[in-house]
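This report concerns only the one structure given below.
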Amino acid sequence: MTALDFSPAPGAAPPVRRVLRHGRLEARLLVRNGEQLLLALVIPLVILVTVRVAGGRLGDFAELAPSVLAVAVWSSGFTSVAISTGFERRYGVLERLVATPLGPSGLIAGKSLAVLMILAGQLVILAGVAAVLGWRPAFTAASGPTAVLLVIMATATFVCLGLLLASRLRAEATLGLANLIYLLLLAGGALIVPLDRYPAAVQPVLEVLPTAALGEGLRAAAGGITLGWPLLVLVFWLAAAGLAAWKGFRWTS
Amino acid sequence: MPNRPVDALVVDGLTVRFGSHAALADLTLSARSAALTAVLGPNGAGKTTLIRSCTGLLKPAEGHMTVLGGAPGTAGVRSRIGLMPQNTAAWSGIRARELLDYLAGLYSQPLNVERLITRLGISGYATTTYRRLSGGQQQVVNLAAALVGRPDLVFLDEPTAGLDPHARRATWQLLRELRAAGVTIVLTTHAMDEAEALADEIYILDRGRIAVSGTVRDLTRGGQNLESVYLANTHAQAGT
C-alpha cells in the first residue's frame, strides 16, 4: 500500500483556471455523447444537404443556411443543456460541484463556456458546409454584428430555459420534454420555416417566440438586412428566463 | 493554512423545512476538529439534509451554523471541505481518472492523483467510464473525489454503503489515517459496527432531532449495545 500524506492543505485554484477546466471537461463529455452529437451536427447537416439536393423544391438555400445555424443554437443552447443538466442533477454531480471551489457561479460560467465552445465548433462546421454547398451570405457592417448579438442573446436565453426545465423535472421527464419542445419549435417555431409562410392568424403568436426572433433575425442579417424587433423579443425572453432560472433553479433532485 | 477552530462544525438550533414539513427541527450538534463524528439515523431522519445544509445547498429556516468558522457555502469554506454525496455524483460518461484529474485542478495543492488512485486501489478501473463501474467501485472513486483537494473537513454520506466486507475494512483504515493526519470527518451511516469502530462522537438522529448523543462508551454505559440504544431512540421509517 502506497503511503500518502493526507494532512490538510486546502486551497482553491485561480477562478479562471477552474472555469476553463470545467468548460473543457463538459465540452469533451458532450462531444463524446452520441445523442448530443446527433442533435448538434447530424440533424442540421442532413437538413442542409437534403434541401440542397432537392434544388429549391424544399425552399431557398440562401434562407435555409442561416435557419440551420439557428437550429444549431437552439439544440446546443436548450436541448443539450436541459438533458445534460437534468442528469447531472439526478446523479448528484451538481451537489458535488457546488461544494467545491468551483461553486454555483463557477459552475454556471463553466457550463456557458462549454456551450460556447460546442456552438463555435458547430457554427464553423455548418457554415463551412453551407458555403461549400453554395451559400453566399450578404452580411453588412450592421447586420453581421447584429447576427452575432442575436446568437449570443438567444444562446443565453435557451441556456436559462434549459436549466430551468432541468431543475424542475425528473431527468427522464426532462429528456422527453426537452426533445419534444425541440421538435415542436423546430417545426413550428419559425426556426427553419420563415414566419411569413405560416398562416396569418398564428404569425403574431409565433413572432414573440425566441426561436422566431433568432430565425428571422439571422435570415434577415444573412441577406444584409438588420431587424430590430428580434433583439427586443430576445431582451424580454432573456430577462424573464434569466430571472426564472435564478429564482427557480434547484441543485438536487 | 487558516486557523482551525476547536469545533470544525457547529450547528445550533437548526431547522430546515420542505414546505410545512420540518426535515430538521431545532437540531444542535458539533464536530470536533481532527475527530470522527458519526451521525446515525433511520432513512428519512434528516442525515442527508444536515450534510446539504453544511455545504450550503439548503438554507435553514432557523438556527445558525458555522463550518470551519465560516458560513456554509461561502468560497472560503468551499475550498476547505470535501464532500462524498450519497449517490454516484459523477457524469455517467466520465472515466475515474478523468474525474479525479478534473477535481484536482480545482484546488491549489491537491493530492497527487496517480498516488491517490494507487492508494485506494482504483488503478484497475481508472480508465473505465463511471456507468460501467460496479456500485462499490463508484463508492471508492466517490470517496477519492472527496479527498483529492486535501480538505480540512470531509462530509461522507454513507461512505461504505454497498461495499463488500474487504472494501469496508479498507475504508475504515483509510478513515483512521485521515483522522490521524488531522482531517475532521463527519459521516453518516446505518452501520452500528462502523460507528462503534470509528466514531469519537455519535449523534443519533430521529425525525429531524437529536435523540441521543455521546461517545460509544457514554451511550452503552447501561450495558446495552449500540444497536439497542439506536433502536430504543429511533422510530422505524414510515411504512416499514
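Ordering of the C-alpha cells sets the chain letters (A, B, ...), residue numbers begin anew at 1 in every chain, and ligands are numbered from 1 in the order given.
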Can you write out as a Markdown table which residues of chain A fall within 7 Å of chain B, alongside each residue's closest atom pair and its distance in Å to one decimal, counting only C-alpha atoms and ordering rows by chain and ascending residue number?
```
| residue | atom | partner | partner_atom | distance |
| --- | --- | --- | --- | --- |
| A:Met1 | CA | B:Arg119 | CA | 6.0 |
| A:Thr2 | CA | B:Arg119 | CA | 5.4 |
| A:Phe6 | CA | B:Ala181 | CA | 5.8 |
| A:Ser7 | CA | B:Ala181 | CA | 4.7 |
| A:Pro8 | CA | B:Arg150 | CA | 4.9 |
| A:Ala9 | CA | B:Arg150 | CA | 5.2 |
| A:Pro10 | CA | B:Arg80 | CA | 5.0 |
| A:Gly11 | CA | B:Ser108 | CA | 5.1 |
| A:Ala12 | CA | B:Tyr107 | CA | 4.3 |
| A:Ala13 | CA | B:Ser108 | CA | 4.4 |
| A:Arg18 | CA | B:Leu106 | CA | 5.2 |
| A:Arg21 | CA | B:Tyr102 | CA | 6.8 |
| A:Leu29 | CA | B:Gly93 | CA | 6.8 |
| A:Glu88 | CA | B:Trp91 | CA | 6.5 |
| A:Tyr91 | CA | B:Ala89 | CA | 5.2 |
| A:Gly92 | CA | B:Ala89 | CA | 4.1 |
| A:Val93 | CA | B:Ala89 | CA | 4.3 |
| A:Arg96 | CA | B:Ala89 | CA | 6.2 |
| A:Ala99 | CA | B:Arg78 | CA | 5.5 |
| A:Thr100 | CA | B:Arg78 | CA | 5.3 |
| A:Pro101 | CA | B:Ser79 | CA | 4.8 |
| A:Leu102 | CA | B:Leu106 | CA | 6.6 |
```
### Task
Using DSSP on the backbone coordinates, identify all residues within region 69-173 of chain B classified as helix (DSSP H, G or I); present the result as a PyMOL selection string.
chain B and resi 75-78+96-104+113-119+123-125+130-132+135-147+165-173
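Going from CA of Thr140 (chain A) to CA of Leu113 (chain A) covers 27.7 Å.
Non-sequential neighbours of region 195-198 of chain A (distance at most 9 Å, separation of 6 or more positions within a chain, only C-alpha atoms) are Gly188, Gly189, Leu206, Glu207, Ala212, Gly215 and Glu216 of chain A.
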### Message
Using DSSP assignments from the backbone, pull out every residue in region 20-185 of chain B that falls under strand (DSSP E or B) and give it to me as JSON, numbers by chain.
### Response
{"B": [21, 22, 23, 24, 25, 26, 27, 28, 29, 30, 31, 32, 36, 37, 38, 39, 40, 62, 63, 64, 65, 66, 67, 70, 81, 82, 83, 84, 95, 107, 129, 153, 154, 155, 156, 157, 184, 185]}
With N, CA and C atoms retained, write the just-selected residues as an mmCIF file, in the first residue's frame.
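Below you can see result.cif, which holds the result:
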```cif
data_model
loop_
_atom_site.group_PDB
_atom_site.id
_atom_site.type_symbol
_atom_site.label_atom_id
_atom_site.label_comp_id
_atom_site.auth_asym_id
_atom_site.auth_seq_id
_atom_site.Cartn_x
_atom_site.Cartn_y
_atom_site.Cartn_z
ATOM 1 N N HIS B 21 -43.209 20.582 6.164
ATOM 2 C CA HIS B 21 -42.509 19.502 6.870
ATOM 3 C C HIS B 21 -41.123 19.960 7.333
ATOM 4 N N ALA B 22 -40.860 19.773 8.618
ATOM 5 C CA ALA B 22 -39.534 20.128 9.145
ATOM 6 C C ALA B 22 -38.622 18.910 9.045
ATOM 7 N N ALA B 23 -37.683 18.934 8.091
ATOM 8 C CA ALA B 23 -36.743 17.819 7.932
ATOM 9 C C ALA B 23 -35.718 17.826 9.066
ATOM 10 N N LEU B 24 -35.353 19.007 9.523
ATOM 11 C CA LEU B 24 -34.519 19.153 10.713
ATOM 12 C C LEU B 24 -35.240 20.123 11.647
ATOM 13 N N ALA B 25 -35.296 19.770 12.924
ATOM 14 C CA ALA B 25 -36.075 20.587 13.856
ATOM 15 C C ALA B 25 -35.236 20.928 15.083
ATOM 16 N N ASP B 26 -34.793 22.172 15.142
ATOM 17 C CA ASP B 26 -34.047 22.680 16.296
ATOM 18 C C ASP B 26 -32.856 21.775 16.631
ATOM 19 N N LEU B 27 -32.100 21.445 15.602
ATOM 20 C CA LEU B 27 -31.006 20.482 15.761
ATOM 21 C C LEU B 27 -29.713 21.187 16.202
ATOM 22 N N THR B 28 -29.091 20.632 17.198
ATOM 23 C CA THR B 28 -27.834 21.200 17.691
ATOM 24 C C THR B 28 -26.791 20.086 17.803
ATOM 25 N N LEU B 29 -25.635 20.322 17.183
ATOM 26 C CA LEU B 29 -24.531 19.368 17.330
ATOM 27 C C LEU B 29 -23.223 20.064 16.984
ATOM 28 N N SER B 30 -22.136 19.412 17.305
ATOM 29 C CA SER B 30 -20.829 19.957 16.916
ATOM 30 C C SER B 30 -19.896 18.802 16.557
ATOM 31 N N ALA B 31 -18.886 19.116 15.743
ATOM 32 C CA ALA B 31 -17.902 18.102 15.354
ATOM 33 C C ALA B 31 -16.519 18.649 15.668
ATOM 34 N N ARG B 32 -15.824 17.952 16.545
ATOM 35 C CA ARG B 32 -14.509 18.392 16.979
ATOM 36 C C ARG B 32 -13.490 18.266 15.845
ATOM 37 N N LEU B 36 -13.561 12.072 14.447
ATOM 38 C CA LEU B 36 -14.581 11.500 13.556
ATOM 39 C C LEU B 36 -15.926 11.516 14.273
ATOM 40 N N THR B 37 -16.842 12.237 13.695
ATOM 41 C CA THR B 37 -18.187 12.348 14.259
ATOM 42 C C THR B 37 -19.143 11.576 13.371
ATOM 43 N N ALA B 38 -19.888 10.653 13.975
ATOM 44 C CA ALA B 38 -20.827 9.836 13.194
ATOM 45 C C ALA B 38 -22.256 10.287 13.485
ATOM 46 N N VAL B 39 -23.028 10.417 12.421
ATOM 47 C CA VAL B 39 -24.447 10.749 12.566
ATOM 48 C C VAL B 39 -25.241 9.529 12.108
ATOM 49 N N LEU B 40 -25.946 8.923 13.050
ATOM 50 C CA LEU B 40 -26.752 7.741 12.756
ATOM 51 C C LEU B 40 -28.218 8.124 12.714
ATOM 52 N N GLU B 62 -34.420 28.399 10.363
ATOM 53 C CA GLU B 62 -33.995 28.976 11.647
ATOM 54 C C GLU B 62 -32.677 28.346 12.059
ATOM 55 N N GLY B 63 -32.019 29.009 13.002
ATOM 56 C CA GLY B 63 -30.795 28.456 13.562
ATOM 57 C C GLY B 63 -29.546 29.040 12.927
ATOM 58 N N HIS B 64 -28.434 28.550 13.396
ATOM 59 C CA HIS B 64 -27.152 29.109 12.992
ATOM 60 C C HIS B 64 -26.155 27.975 12.856
ATOM 61 N N MET B 65 -25.274 28.088 11.887
ATOM 62 C CA MET B 65 -24.228 27.082 11.790
ATOM 63 C C MET B 65 -22.936 27.682 11.246
ATOM 64 N N THR B 66 -21.820 27.144 11.699
ATOM 65 C CA THR B 66 -20.533 27.537 11.136
ATOM 66 C C THR B 66 -19.772 26.280 10.723
ATOM 67 N N VAL B 67 -19.098 26.385 9.601
ATOM 68 C CA VAL B 67 -18.254 25.304 9.085
ATOM 69 C C VAL B 67 -16.842 25.861 9.009
ATOM 70 N N GLY B 70 -16.673 29.556 9.309
ATOM 71 C CA GLY B 70 -17.324 30.412 8.315
ATOM 72 C C GLY B 70 -18.738 29.953 8.012
ATOM 73 N N ILE B 81 -13.380 22.115 2.303
ATOM 74 C CA ILE B 81 -14.143 20.905 2.627
ATOM 75 C C ILE B 81 -14.104 19.904 1.470
ATOM 76 N N GLY B 82 -14.388 18.660 1.814
ATOM 77 C CA GLY B 82 -14.571 17.630 0.800
ATOM 78 C C GLY B 82 -15.943 17.014 1.014
ATOM 79 N N LEU B 83 -16.574 16.565 -0.055
ATOM 80 C CA LEU B 83 -17.912 16.008 0.065
ATOM 81 C C LEU B 83 -18.012 14.711 -0.711
ATOM 82 N N MET B 84 -18.527 13.700 -0.037
ATOM 83 C CA MET B 84 -18.882 12.455 -0.713
ATOM 84 C C MET B 84 -20.398 12.309 -0.602
ATOM 85 N N ARG B 95 -14.467 9.056 -17.054
ATOM 86 C CA ARG B 95 -13.620 7.983 -16.541
ATOM 87 C C ARG B 95 -13.142 8.359 -15.140
ATOM 88 N N TYR B 107 -8.261 22.776 -7.175
ATOM 89 C CA TYR B 107 -7.594 23.105 -5.904
ATOM 90 C C TYR B 107 -6.151 23.549 -6.154
ATOM 91 N N THR B 129 -15.328 4.050 -17.758
ATOM 92 C CA THR B 129 -16.329 5.098 -17.549
ATOM 93 C C THR B 129 -17.196 4.746 -16.336
ATOM 94 N N LEU B 153 -11.907 19.328 6.341
ATOM 95 C CA LEU B 153 -13.118 18.675 6.848
ATOM 96 C C LEU B 153 -13.800 17.932 5.704
ATOM 97 N N VAL B 154 -14.123 16.656 5.927
ATOM 98 C CA VAL B 154 -14.854 15.918 4.891
ATOM 99 C C VAL B 154 -16.207 15.467 5.422
ATOM 100 N N PHE B 155 -17.205 15.596 4.563
ATOM 101 C CA PHE B 155 -18.539 15.085 4.851
ATOM 102 C C PHE B 155 -18.730 13.831 4.007
ATOM 103 N N LEU B 156 -18.988 12.730 4.665
ATOM 104 C CA LEU B 156 -19.132 11.455 3.951
ATOM 105 C C LEU B 156 -20.529 10.910 4.220
ATOM 106 N N ASP B 157 -21.348 10.881 3.183
ATOM 107 C CA ASP B 157 -22.732 10.443 3.347
ATOM 108 C C ASP B 157 -22.825 8.956 3.019
ATOM 109 N N THR B 184 -10.791 16.434 9.815
ATOM 110 C CA THR B 184 -12.047 16.258 10.549
ATOM 111 C C THR B 184 -13.005 15.486 9.654
ATOM 112 N N ILE B 185 -13.668 14.491 10.235
ATOM 113 C CA ILE B 185 -14.571 13.652 9.435
ATOM 114 C C ILE B 185 -15.968 13.673 10.061
#
```
### Task
Could you check which of A:Ile47, A:Gly144, A:Leu191, A:Val159 is closest to Ala109 (chain A), using only C-alpha atoms?
A:Val159
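Rounded to one decimal, CA of Ala142 (chain A) and CA of Gly77 (chain A) lie 24.6 Å from each other.
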